[in-house]
Each structure stands twice: as C-alpha cells, then as structure tokens.
file structure_9.txt (compact mmCIF, C-alpha atoms)
# COMPACT_ATOMS: atom_id res chain seq x y z
CA MET A 1 -15.30 8.19 8.72
CA ALA A 2 -18.85 7.25 7.88
CA PRO A 3 -21.35 6.97 10.75
CA GLY A 4 -21.01 3.65 12.55
CA LEU A 5 -17.75 2.72 10.80
CA ASP A 6 -15.02 2.69 13.40
CA PHE A 7 -12.63 -0.18 13.97
CA VAL A 8 -10.20 -1.13 16.73
CA ASP A 9 -8.13 -3.42 14.51
CA LEU A 10 -7.84 -4.88 11.02
CA GLN A 11 -9.75 -8.01 12.00
CA SER A 12 -12.89 -6.08 12.99
CA LEU A 13 -12.59 -4.05 9.78
CA SER A 14 -12.32 -7.24 7.74
CA VAL A 15 -15.47 -8.63 9.34
CA ALA A 16 -17.33 -5.42 8.53
CA VAL A 17 -16.21 -5.57 4.89
CA HIS A 18 -17.49 -9.13 4.56
CA HIS A 19 -20.89 -7.97 5.81
CA CYS A 20 -20.90 -4.68 3.88
CA ARG A 21 -23.82 -3.74 1.64
CA LEU A 22 -23.10 -0.03 1.32
CA CYS A 23 -23.16 -0.21 -2.47
CA PRO A 24 -24.56 -2.66 -5.07
CA LEU A 25 -21.22 -4.51 -5.31
CA GLY A 26 -21.96 -5.99 -1.90
CA HIS A 27 -24.78 -7.95 -3.53
CA SER A 28 -23.04 -9.00 -6.76
CA ARG A 29 -19.68 -10.15 -5.38
CA THR A 30 -18.72 -13.75 -4.64
CA LYS A 31 -16.35 -12.85 -1.79
CA ALA A 32 -15.31 -9.53 -0.34
CA VAL A 33 -11.59 -8.75 -0.45
CA PRO A 34 -10.67 -6.55 2.54
CA GLY A 35 -6.91 -6.91 2.17
CA VAL A 36 -4.10 -9.01 3.55
CA GLY A 37 -0.94 -8.34 5.53
CA ALA A 38 0.41 -7.37 8.93
CA ALA A 39 -0.84 -4.41 10.92
CA THR A 40 2.82 -3.48 11.44
CA ALA A 41 3.72 -3.47 7.72
CA ARG A 42 6.07 -0.65 6.66
CA ILE A 43 4.56 -0.67 3.17
CA MET A 44 0.91 -0.46 2.19
CA ILE A 45 0.02 -1.31 -1.41
CA VAL A 46 -3.24 0.03 -2.81
CA GLY A 47 -4.61 -1.24 -6.11
CA GLU A 48 -7.85 -0.65 -7.97
CA ALA A 49 -10.36 -3.45 -7.32
CA PRO A 50 -10.56 -7.25 -7.05
CA GLY A 51 -10.63 -9.24 -10.28
CA GLN A 52 -12.18 -12.61 -10.96
CA ASN A 53 -9.56 -14.65 -9.10
CA GLU A 54 -9.65 -12.30 -6.12
CA ASP A 55 -13.45 -12.40 -6.06
CA GLN A 56 -13.34 -16.20 -5.89
CA GLN A 57 -10.57 -16.51 -3.31
CA GLY A 58 -11.20 -13.43 -1.15
CA GLU A 59 -7.57 -12.24 -1.32
CA PRO A 60 -6.06 -9.37 -3.31
CA PHE A 61 -3.64 -9.85 -6.19
CA VAL A 62 -3.80 -13.64 -6.57
CA GLY A 63 -4.07 -13.71 -10.38
CA ALA A 64 -1.48 -12.97 -13.06
CA ALA A 65 -1.01 -9.39 -11.83
CA GLY A 66 -0.47 -10.76 -8.33
CA LYS A 67 2.27 -13.11 -9.52
CA LEU A 68 3.99 -10.20 -11.23
CA LEU A 69 3.66 -8.13 -8.07
CA ASP A 70 5.30 -10.95 -6.09
CA GLN A 71 8.21 -11.00 -8.55
CA LEU A 72 8.63 -7.24 -8.35
CA LEU A 73 8.63 -7.34 -4.55
CA LYS A 74 11.17 -10.17 -4.57
CA GLY A 75 13.37 -8.11 -6.88
CA ILE A 76 13.77 -5.47 -4.16
CA GLY A 77 14.16 -7.93 -1.30
CA LEU A 78 10.55 -8.03 -0.09
CA SER A 79 7.74 -10.57 0.04
CA ARG A 80 4.04 -10.53 0.82
CA PRO A 81 4.50 -10.86 4.60
CA ASP A 82 6.45 -7.58 4.49
CA VAL A 83 3.57 -5.53 3.07
CA PHE A 84 -0.16 -4.92 3.44
CA ILE A 85 -2.08 -5.23 0.17
CA THR A 86 -5.56 -3.89 -0.50
CA ASN A 87 -7.63 -2.02 -3.10
CA ILE A 88 -9.74 1.12 -3.20
CA LEU A 89 -12.73 -1.19 -3.78
CA LYS A 90 -13.20 -4.28 -1.61
CA CYS A 91 -15.58 -6.01 -4.05
CA ARG A 92 -15.25 -6.89 -7.73
CA PRO A 93 -17.03 -4.62 -10.21
CA PRO A 94 -18.98 -6.67 -12.79
CA GLY A 95 -16.83 -7.47 -15.81
CA ASN A 96 -13.83 -5.82 -14.12
CA ARG A 97 -15.09 -2.41 -15.23
CA ASP A 98 -13.66 0.79 -13.73
CA PRO A 99 -14.83 1.72 -10.22
CA LEU A 100 -17.81 4.08 -10.11
CA PRO A 101 -17.66 7.22 -7.95
CA LEU A 102 -20.47 5.92 -5.72
CA GLU A 103 -18.56 2.69 -5.12
CA VAL A 104 -15.32 4.49 -4.34
CA GLN A 105 -17.14 6.75 -1.90
CA ALA A 106 -18.81 3.82 -0.16
CA CYS A 107 -15.48 2.00 0.28
CA SER A 108 -13.45 5.06 1.27
CA PRO A 109 -13.95 4.69 5.04
CA TYR A 110 -12.48 1.19 4.96
CA LEU A 111 -9.35 2.29 3.10
CA ASP A 112 -8.93 5.39 5.26
CA HIS A 113 -9.16 3.36 8.44
CA GLN A 114 -6.75 0.70 7.15
CA GLN A 115 -4.24 3.47 6.60
CA LYS A 116 -4.92 4.84 10.08
CA LEU A 117 -4.47 1.43 11.75
CA ILE A 118 -1.33 0.43 9.85
CA GLN A 119 0.38 3.85 9.66
CA PRO A 120 2.78 2.65 6.94
CA GLU A 121 6.03 4.41 6.15
CA VAL A 122 5.08 4.51 2.48
CA ILE A 123 1.95 3.81 0.43
CA LEU A 124 2.38 2.45 -3.09
CA LEU A 125 -0.41 3.57 -5.40
CA LEU A 126 -0.86 1.01 -8.17
CA GLY A 127 -2.43 2.67 -11.18
CA ARG A 128 -4.50 5.73 -11.96
CA HIS A 129 -7.55 4.88 -9.84
CA ALA A 130 -5.55 4.49 -6.63
CA LEU A 131 -3.69 7.69 -7.49
CA ALA A 132 -6.96 9.58 -8.07
CA ARG A 133 -8.43 8.27 -4.82
CA LEU A 134 -5.54 9.08 -2.48
CA LEU A 135 -3.96 12.02 -4.31
CA PRO A 136 -6.92 13.76 -5.95
CA GLY A 137 -6.03 16.67 -8.17
CA TYR A 138 -2.48 15.50 -8.77
CA ASP A 139 -0.97 14.83 -12.18
CA SER A 140 -1.42 11.63 -14.21
CA ILE A 141 0.18 8.28 -13.39
CA SER A 142 2.33 8.59 -16.52
CA ARG A 143 3.92 11.73 -15.09
CA LEU A 144 4.07 10.77 -11.41
CA HIS A 145 5.05 7.11 -11.47
CA GLY A 146 8.18 6.37 -9.46
CA LYS A 147 8.16 9.76 -7.71
CA VAL A 148 8.06 10.18 -3.94
CA ILE A 149 5.17 12.43 -2.90
CA VAL A 150 4.56 13.59 0.67
CA LYS A 151 1.09 14.87 1.52
CA ASP A 152 -0.20 15.62 5.01
CA GLY A 153 2.76 13.77 6.51
CA VAL A 154 2.12 10.60 4.47
CA THR A 155 4.58 9.35 1.84
CA TYR A 156 3.17 8.00 -1.42
CA ILE A 157 4.84 6.51 -4.48
CA PRO A 158 2.58 6.15 -7.54
CA ILE A 159 3.43 3.10 -9.66
CA TYR A 160 2.11 1.62 -12.87
CA HIS A 161 -0.36 -1.18 -12.14
CA PRO A 162 1.10 -4.66 -12.80
CA ALA A 163 -2.00 -5.53 -14.85
CA ALA A 164 -1.25 -2.59 -17.16
CA ALA A 165 2.24 -3.95 -17.76
CA LEU A 166 0.83 -7.38 -18.57
CA TYR A 167 -1.41 -5.85 -21.25
CA ASN A 168 1.18 -3.36 -22.45
CA SER A 169 4.65 -4.91 -22.43
CA PHE A 170 6.32 -1.54 -23.02
CA LEU A 171 5.35 -0.62 -19.44
CA MET A 172 7.32 -3.50 -17.91
CA GLY A 173 10.59 -1.57 -17.92
CA PRO A 174 9.10 1.55 -16.28
CA LEU A 175 7.33 -0.67 -13.73
CA GLU A 176 10.62 -2.33 -12.75
CA GLN A 177 12.19 1.12 -12.45
CA ASP A 178 9.29 2.20 -10.22
CA PHE A 179 10.11 -0.61 -7.80
CA LYS A 180 13.77 0.34 -7.83
CA ALA A 181 12.63 3.82 -6.80
CA VAL A 182 10.70 2.20 -3.94
CA LYS A 183 13.84 0.35 -2.80
CA ALA A 184 15.90 3.53 -3.00
CA HIS A 185 13.36 5.31 -0.81
CA LEU A 186 13.30 2.49 1.74
CA ASP A 187 17.11 2.45 1.81
CA ARG A 188 17.16 6.18 2.52
CA MET A 189 14.63 5.70 5.30
CA GLU A 190 16.78 2.95 6.82
CA GLU A 191 19.89 5.15 6.68
CA ARG A 192 18.04 7.94 8.44
CA ARG A 193 16.77 5.51 11.06
CA ARG A 194 20.28 4.28 11.76
CA ALA A 195 21.67 7.80 11.90
CA THR A 196 18.95 8.79 14.37
CA ALA A 197 19.70 5.74 16.53
CA VAL A 198 23.42 6.56 16.56
CA ALA A 199 22.73 10.20 17.43
CA ALA A 200 20.51 9.12 20.32
CA MET A 201 23.21 6.95 21.88
CA PRO A 202 24.89 8.51 24.94
CA ALA A 203 28.40 9.75 24.29
CA ALA A 204 31.13 7.49 25.64
CA LYS A 205 32.84 8.89 28.71
CA PRO A 206 36.52 9.67 28.17
CA GLU A 207 38.82 7.33 30.04
CA GLU A 208 39.97 8.82 33.27
CA GLN A 209 43.64 9.76 33.16
CA LEU A 210 45.77 8.46 35.95
CA THR A 211 48.00 11.08 37.55
CA LEU A 212 51.39 10.48 39.04
CA PHE A 213 49.76 10.60 42.41
CA GLY A 214 46.62 8.65 41.50

call {"tool": "encode", "arguments": {"input": "structure_9.txt", "output": "structure tokens"}}
result
Amino acid sequence: MAPGLDFVDLQSLSVAVHHCRLCPLGHSRTKAVPGVGAATARIMIVGEAPGQNEDQQGEPFVGAAGKLLDQLLKGIGLSRPDVFITNILKCRPPGNRDPLPLEVQACSPYLDHQQKLIQPEVILLLGRHALARLLPGYDSISRLHGKVIVKDGVTYIPIYHPAAALYNSFLMGPLEQDFKAVKAHLDRMEERRRATAVAAMPAAKPEEQLTLFG
C-alpha cells in the first residue's frame, strides 16, 4: 500500500480515486471510474481501463462491452448487483491506448485495497492486462482463459475481454465457454458450502427405547 493510501471502506476509496492525481491520467480524464458493486460481492471482475463511455459516466463497463458482459452474466444466472466490477486503471487512457507501467503502478494500491475490502470468492480477470497485473509471470490469456488458478489463497479465472470478442467474433464462443467455467466453479463452491454446513450440524440423538419396565 502506498504511503497515505489506506481505506476503511469502498466509499472512502472511491472518494480518493475521484481526487487522485498520482499519474497524468488524473488530469486528462473526464470522470474517474473507481468501480461499482457491493462490498459483500462473491465475484470481483477486473478489466483493463475505462473507455469513452465509462469516462463520461463514471461507471465501468457501460458501453458495448458492458452490455455483452451483462448478457454473459445473465447467461450464468448473475446480474450486476451480484458482482463488483472495476479495472486495473481507474481513469481512461487517451485514445483508449494500452495502460502504461507507470499508470498501472500508480493505480495498484486502489485495486489491491478493493480486493482486501471485498475478499471475493473468485476474481475474474478480463483480458491480458488484468492477467498481467494480478498474475504476473503466468502464461498468456490464450492459454489460461477459463482455467481456475489459486495463488496466495485467492482464486482467479482469466477470461477473454468482452471487447476482444466484439472485435474478433471468433472469440465469442470461447468467451461463453469461459463463463460456463465460472458457473461450474461457483456451483462447486456452493456444493462444498452445503456439505460443510451439513457436516457442522449436530448429530440427531437416537430415540430412546422404551423398556418393558419403562
């Protein structure tokens, strides 16, 4: 955590992001985009950076890629209120260019603390930049997409970015399969949760047998 950056909740973090000038993007943006969702969300979704629509509205994934993301979530029985959505960058890079290392470094404390506050069961990494930021040194998105990866006690599932599927239609099928992999993982987690709850229940006492003299 960078000096002076410590937050008690997502609201205080959001306020700090809106006032942030740690990198040049803080001066060129229209609106900062901290993220949106519940602090109790089981799923955290991490994308790359805000685009033009996000920069104007101050919310992540509100353009065409956001609509596709909504459809994919709906396909596995989820909606936006069920997840927390953010990006590795909280401000739009000019011309939607790739994030620069300096920008990623400046924004890292915000993303790290969001993860710490939410403590999600699984983090979906949308695209290669999110993968590189949270799983540095791992293989490419083309090799890891749809796979469940556990690192330092945190579960990640890399996924193709919805925007990539919009530009490259051949990725739409793999992207849908990635979300099916997410549902399969969540189903397994739910089964384990139920099994743990059943195992924790006290054993029923056997009915007392009445004797001839009882």

call {"tool": "residues_around", "arguments": {"input": "structure_9.txt", "residues": "Gln71 of chain A", "least_positions_apart": "4", "cutoff": "12 Å", "atoms": "only C-alpha atoms", "output": "PyMOL selection string"}}
result
chain A and resi 64-67+75-80+162+175-176+179

call {"tool": "residues_around", "arguments": {"input": "structure_9.txt", "residues": "Arg92 of chain A", "least_positions_apart": "6", "cutoff": "10 Å", "atoms": "only C-alpha atoms", "output": "number ranges by chain"}}
result
A: 25-26, 28-33, 48-56, 98-99

call {"tool": "closest_residue", "arguments": {"input": "structure_9.txt", "among": "A:Val62, A:Ile88, A:Leu68, A:Val148", "to": "Ala132 of chain A", "atoms": "all atoms listed in the file"}}
result
A:Ile88

call {"tool": "residues_around", "arguments": {"input": "structure_9.txt", "residues": "Leu124 of chain A", "least_positions_apart": "6", "cutoff": "9 Å", "atoms": "all atoms listed in the file", "output": "PyMOL selection string"}}
result
chain A and resi 43-47+130+155-159+182

call {"tool": "closest_residue", "arguments": {"input": "structure_9.txt", "among": "A:Val15, A:Leu102, A:Leu69, A:Leu89", "to": "His129 of chain A", "atoms": "all atoms listed in the file"}}
result
A:Leu89

call {"tool": "closest_residue", "arguments": {"input": "structure_9.txt", "among": "A:His19, A:Lys147, A:Arg188, A:Lys180", "to": "Lys90 of chain A", "atoms": "all atoms listed in the file"}}
result
A:His19

call {"tool": "atom_distance", "arguments": {"input": "structure_9.txt", "atom1": "atom CA of Glu103 of chain A", "atom2": "atom CA of His27 of chain A"}}
result
12.4 Å

call {"tool": "residues_near_point", "arguments": {"input": "structure_9.txt", "point": "(-3.9, -4.4, 10.5)", "cutoff": "9 Å", "atoms": "only C-alpha atoms", "output": "MDAnalysis selection string"}}
result
chainID A and resid 9:11 13 36:41 84 114:115 117:118

call {"tool": "closest_residue", "arguments": {"input": "structure_9.txt", "among": "A:Ala200, A:Pro109, A:Leu72, A:His185", "to": "Ala165 of chain A", "atoms": "only C-alpha atoms"}}
result
A:Leu72

call {"tool": "atom_distance", "arguments": {"input": "structure_9.txt", "atom1": "atom CA of Pro101 of chain A", "atom2": "atom CA of Pro24 of chain A"}}
result
12.4 Å

call {"tool": "atom_distance", "arguments": {"input": "structure_9.txt", "atom1": "atom CA of Ile85 of chain A", "atom2": "atom CA of Thr196 of chain A"}}
result
29.0 Å

call {"tool": "closest_residue", "arguments": {"input": "structure_9.txt", "among": "A:Arg192, A:Lys74, A:Leu131, A:Cys23", "to": "Pro93 of chain A", "atoms": "only C-alpha atoms"}}
result
A:Cys23

call {"tool": "decode", "arguments": {"input": "structure_9.txt", "residues": "segment 47-134 of chain A", "atoms": "C-alpha atoms", "output": "short mmCIF file (atom, residue, chain, number, x, y, z; two decimals), in the first residue's frame"}}
result
data_model
loop_
_atom_site.label_atom_id
_atom_site.label_comp_id
_atom_site.auth_asym_id
_atom_site.auth_seq_id
_atom_site.Cartn_x
_atom_site.Cartn_y
_atom_site.Cartn_z
CA GLY A 47 -10.95 -5.28 -16.60
CA GLU A 48 -8.32 -3.12 -18.26
CA ALA A 49 -9.30 0.57 -18.18
CA PRO A 50 -12.31 2.84 -18.70
CA GLY A 51 -13.30 3.65 -22.28
CA GLN A 52 -15.04 6.72 -23.63
CA ASN A 53 -18.50 5.86 -22.27
CA GLU A 54 -17.08 4.96 -18.86
CA ASP A 55 -15.05 8.18 -18.78
CA GLN A 56 -18.22 10.19 -19.40
CA GLN A 57 -20.47 8.34 -16.98
CA GLY A 58 -18.02 7.41 -14.21
CA GLU A 59 -19.05 3.73 -14.18
CA PRO A 60 -17.22 0.68 -15.54
CA PHE A 61 -18.44 -1.37 -18.49
CA VAL A 62 -21.35 0.80 -19.65
CA GLY A 63 -20.57 0.66 -23.39
CA ALA A 64 -20.94 -2.18 -25.88
CA ALA A 65 -18.53 -4.41 -23.94
CA GLY A 66 -20.56 -3.73 -20.81
CA LYS A 67 -23.79 -4.84 -22.49
CA LEU A 68 -22.09 -8.04 -23.58
CA LEU A 69 -20.80 -8.57 -20.05
CA ASP A 70 -24.34 -8.17 -18.72
CA GLN A 71 -25.57 -10.81 -21.18
CA LEU A 72 -22.80 -13.21 -20.21
CA LEU A 73 -23.56 -12.74 -16.51
CA LYS A 74 -27.27 -13.30 -17.14
CA GLY A 75 -26.41 -16.50 -19.00
CA ILE A 76 -24.99 -17.99 -15.79
CA GLY A 77 -27.71 -16.65 -13.51
CA LEU A 78 -25.99 -13.48 -12.31
CA SER A 79 -26.50 -9.74 -12.68
CA ARG A 80 -24.54 -6.61 -11.86
CA PRO A 81 -25.75 -6.40 -8.25
CA ASP A 82 -24.17 -9.84 -7.69
CA VAL A 83 -20.64 -8.72 -8.61
CA PHE A 84 -18.13 -5.93 -8.08
CA ILE A 85 -16.72 -4.52 -11.32
CA THR A 86 -13.57 -2.44 -11.65
CA ASN A 87 -10.43 -2.02 -13.78
CA ILE A 88 -6.69 -2.01 -13.20
CA LEU A 89 -6.79 1.68 -14.21
CA LYS A 90 -9.41 3.99 -12.73
CA CYS A 91 -9.05 6.65 -15.45
CA ARG A 92 -9.28 6.47 -19.24
CA PRO A 93 -6.00 6.43 -21.17
CA PRO A 94 -6.11 8.89 -24.10
CA GLY A 95 -7.41 7.23 -27.24
CA ASN A 96 -8.06 4.02 -25.28
CA ARG A 97 -4.40 3.07 -25.64
CA ASP A 98 -2.87 0.29 -23.52
CA PRO A 99 -2.10 1.13 -19.88
CA LEU A 100 1.46 2.32 -19.25
CA PRO A 101 3.53 0.70 -16.48
CA LEU A 102 3.65 3.99 -14.53
CA GLU A 103 -0.14 4.24 -14.64
CA VAL A 104 -0.64 0.64 -13.55
CA GLN A 105 1.77 1.17 -10.66
CA ALA A 106 0.01 4.35 -9.55
CA CYS A 107 -3.39 2.64 -9.55
CA SER A 108 -2.23 -0.62 -7.96
CA PRO A 109 -2.93 0.41 -4.34
CA TYR A 110 -6.57 1.09 -5.17
CA LEU A 111 -7.09 -2.30 -6.79
CA ASP A 112 -5.20 -4.12 -4.05
CA HIS A 113 -7.30 -2.47 -1.36
CA GLN A 114 -10.56 -3.15 -3.20
CA GLN A 115 -9.62 -6.81 -3.19
CA LYS A 116 -8.76 -6.63 0.51
CA LEU A 117 -12.07 -4.95 1.42
CA ILE A 118 -14.29 -7.21 -0.68
CA GLN A 119 -12.45 -10.52 -0.18
CA PRO A 120 -14.27 -12.14 -3.11
CA GLU A 121 -14.52 -15.89 -3.56
CA VAL A 122 -13.25 -15.55 -7.11
CA ILE A 123 -11.70 -12.79 -9.23
CA LEU A 124 -12.41 -12.78 -12.96
CA LEU A 125 -9.53 -11.32 -14.95
CA LEU A 126 -10.85 -9.84 -18.19
CA GLY A 127 -8.08 -9.77 -20.77
CA ARG A 128 -4.32 -9.82 -20.87
CA HIS A 129 -3.68 -6.60 -18.94
CA ALA A 130 -5.69 -7.70 -15.90
CA LEU A 131 -3.98 -11.09 -16.09
CA ALA A 132 -0.53 -9.48 -16.23
CA ARG A 133 -1.34 -7.19 -13.30
CA LEU A 134 -2.72 -9.78 -10.88
#
